[in-house]
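Since the structure comes first, as structure tokens, the remarks are kept for the end.
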Amino acid sequence: FVWLHLLTPHSPYSPPDEFLPPGSSPRSRPGPELLYDAEIRATDVLVGKILDSIEETVGLARSLIVFTSDHGDMIGTHTMESKQCTLEE
């Protein structure tokens, strides 16, 4: 049994540089949408590595994998920021 909690993507956004869009850098101060997307890409790669490791050791066919998540950040949707409640989504 393994339980793994990944905090990303979550503010404050600080993705690894290699997941920033081409031509971006932490100094160029990309907008929150780009940083959020970069954290999603980084998390996707990490989950892929975890799944590869499970496949190599015990096999995915012999494993039960369950993914859950909380709600995402608003990032300006409906003029809201962070994790606010909305009935519009």
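Each chain in the structure tokens gets a letter, A, B and so on, in the order shown; residues start at 1 in every chain, and ligands are counted from 1 in the order they appear.
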Review point. So which bits of chain A end up helix (DSSP H, G or I) when you DSSP the backbone, as a VMD selection string?
Key: chain A and resid 17 to 19 26 to 28 32 to 57 60 to 62 77 to 79
Please save C-alpha atoms of the selected residues as a PDB file, in the first residue's frame.
```
ATOM      1  CA  ASP A  17      12.383  25.824 -15.135  1.00  0.00           C
ATOM      2  CA  GLU A  18      12.322  23.018 -17.729  1.00  0.00           C
ATOM      3  CA  PHE A  19       8.495  23.057 -17.680  1.00  0.00           C
ATOM      4  CA  PRO A  26      11.452  32.880 -13.632  1.00  0.00           C
ATOM      5  CA  ARG A  27      12.878  36.368 -14.281  1.00  0.00           C
ATOM      6  CA  SER A  28      10.461  36.989 -17.166  1.00  0.00           C
ATOM      7  CA  PRO A  32      -0.230  32.653 -13.365  1.00  0.00           C
ATOM      8  CA  GLU A  33      -1.904  30.630 -16.138  1.00  0.00           C
ATOM      9  CA  LEU A  34       1.458  29.713 -17.666  1.00  0.00           C
ATOM     10  CA  LEU A  35       2.946  28.858 -14.272  1.00  0.00           C
ATOM     11  CA  TYR A  36      -0.114  26.754 -13.368  1.00  0.00           C
ATOM     12  CA  ASP A  37       0.122  24.884 -16.694  1.00  0.00           C
ATOM     13  CA  ALA A  38       3.842  24.324 -16.135  1.00  0.00           C
ATOM     14  CA  GLU A  39       3.147  22.824 -12.703  1.00  0.00           C
ATOM     15  CA  ILE A  40       0.567  20.519 -14.282  1.00  0.00           C
ATOM     16  CA  ARG A  41       3.155  19.376 -16.854  1.00  0.00           C
ATOM     17  CA  ALA A  42       5.729  18.760 -14.113  1.00  0.00           C
ATOM     18  CA  THR A  43       3.208  16.796 -12.045  1.00  0.00           C
ATOM     19  CA  ASP A  44       2.231  14.732 -15.092  1.00  0.00           C
ATOM     20  CA  VAL A  45       5.861  13.762 -15.677  1.00  0.00           C
ATOM     21  CA  LEU A  46       6.267  12.825 -12.005  1.00  0.00           C
ATOM     22  CA  VAL A  47       3.126  10.665 -12.024  1.00  0.00           C
ATOM     23  CA  GLY A  48       4.396   8.992 -15.196  1.00  0.00           C
ATOM     24  CA  LYS A  49       7.676   8.128 -13.456  1.00  0.00           C
ATOM     25  CA  ILE A  50       5.774   6.699 -10.500  1.00  0.00           C
ATOM     26  CA  LEU A  51       3.622   4.557 -12.786  1.00  0.00           C
ATOM     27  CA  ASP A  52       6.731   3.379 -14.660  1.00  0.00           C
ATOM     28  CA  SER A  53       8.305   2.369 -11.358  1.00  0.00           C
ATOM     29  CA  ILE A  54       5.198   0.421 -10.347  1.00  0.00           C
ATOM     30  CA  GLU A  55       5.176  -1.322 -13.731  1.00  0.00           C
ATOM     31  CA  GLU A  56       8.846  -2.279 -13.377  1.00  0.00           C
ATOM     32  CA  THR A  57       8.488  -3.625  -9.834  1.00  0.00           C
ATOM     33  CA  LEU A  60       0.374  -2.276 -13.238  1.00  0.00           C
ATOM     34  CA  ALA A  61      -1.840  -5.290 -13.969  1.00  0.00           C
ATOM     35  CA  ARG A  62      -1.437  -6.331 -10.327  1.00  0.00           C
ATOM     36  CA  THR A  77     -12.067  32.991 -13.959  1.00  0.00           C
ATOM     37  CA  HIS A  78     -15.230  35.017 -13.274  1.00  0.00           C
ATOM     38  CA  THR A  79     -12.868  37.666 -11.804  1.00  0.00           C
TER      39      THR A  79
END
```
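Summary of the local environment: counting only C-alpha atoms, residues at most 12 Å from Trp3 in chain A, other than itself and those fewer than 6 positions away along its chain, are A:Ile50, A:Leu64, A:Ile65, A:Val66, A:Phe67, A:Thr68.
Separating CA of Pro21 in chain A from CA of Leu4 in chain A is a distance of 27.4 Å.
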Practice item. Work out how far apart CA of Leu7 in chain A and CA of Ile75 in chain A are and give it in Å to one decimal. Key: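 Atom-to-atom, CA of Leu7 in chain A and CA of Ile75 in chain A are spaced 17.1 Å apart.
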Check your understanding: Expressed in Å to a single decimal, how great is the separation between CA of Asp73 in chain A and CA of Ser11 in chain A?
Key ->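 Answer for the CA of Asp73 in chain A to CA of Ser11 in chain A separation: 8.3 Å.
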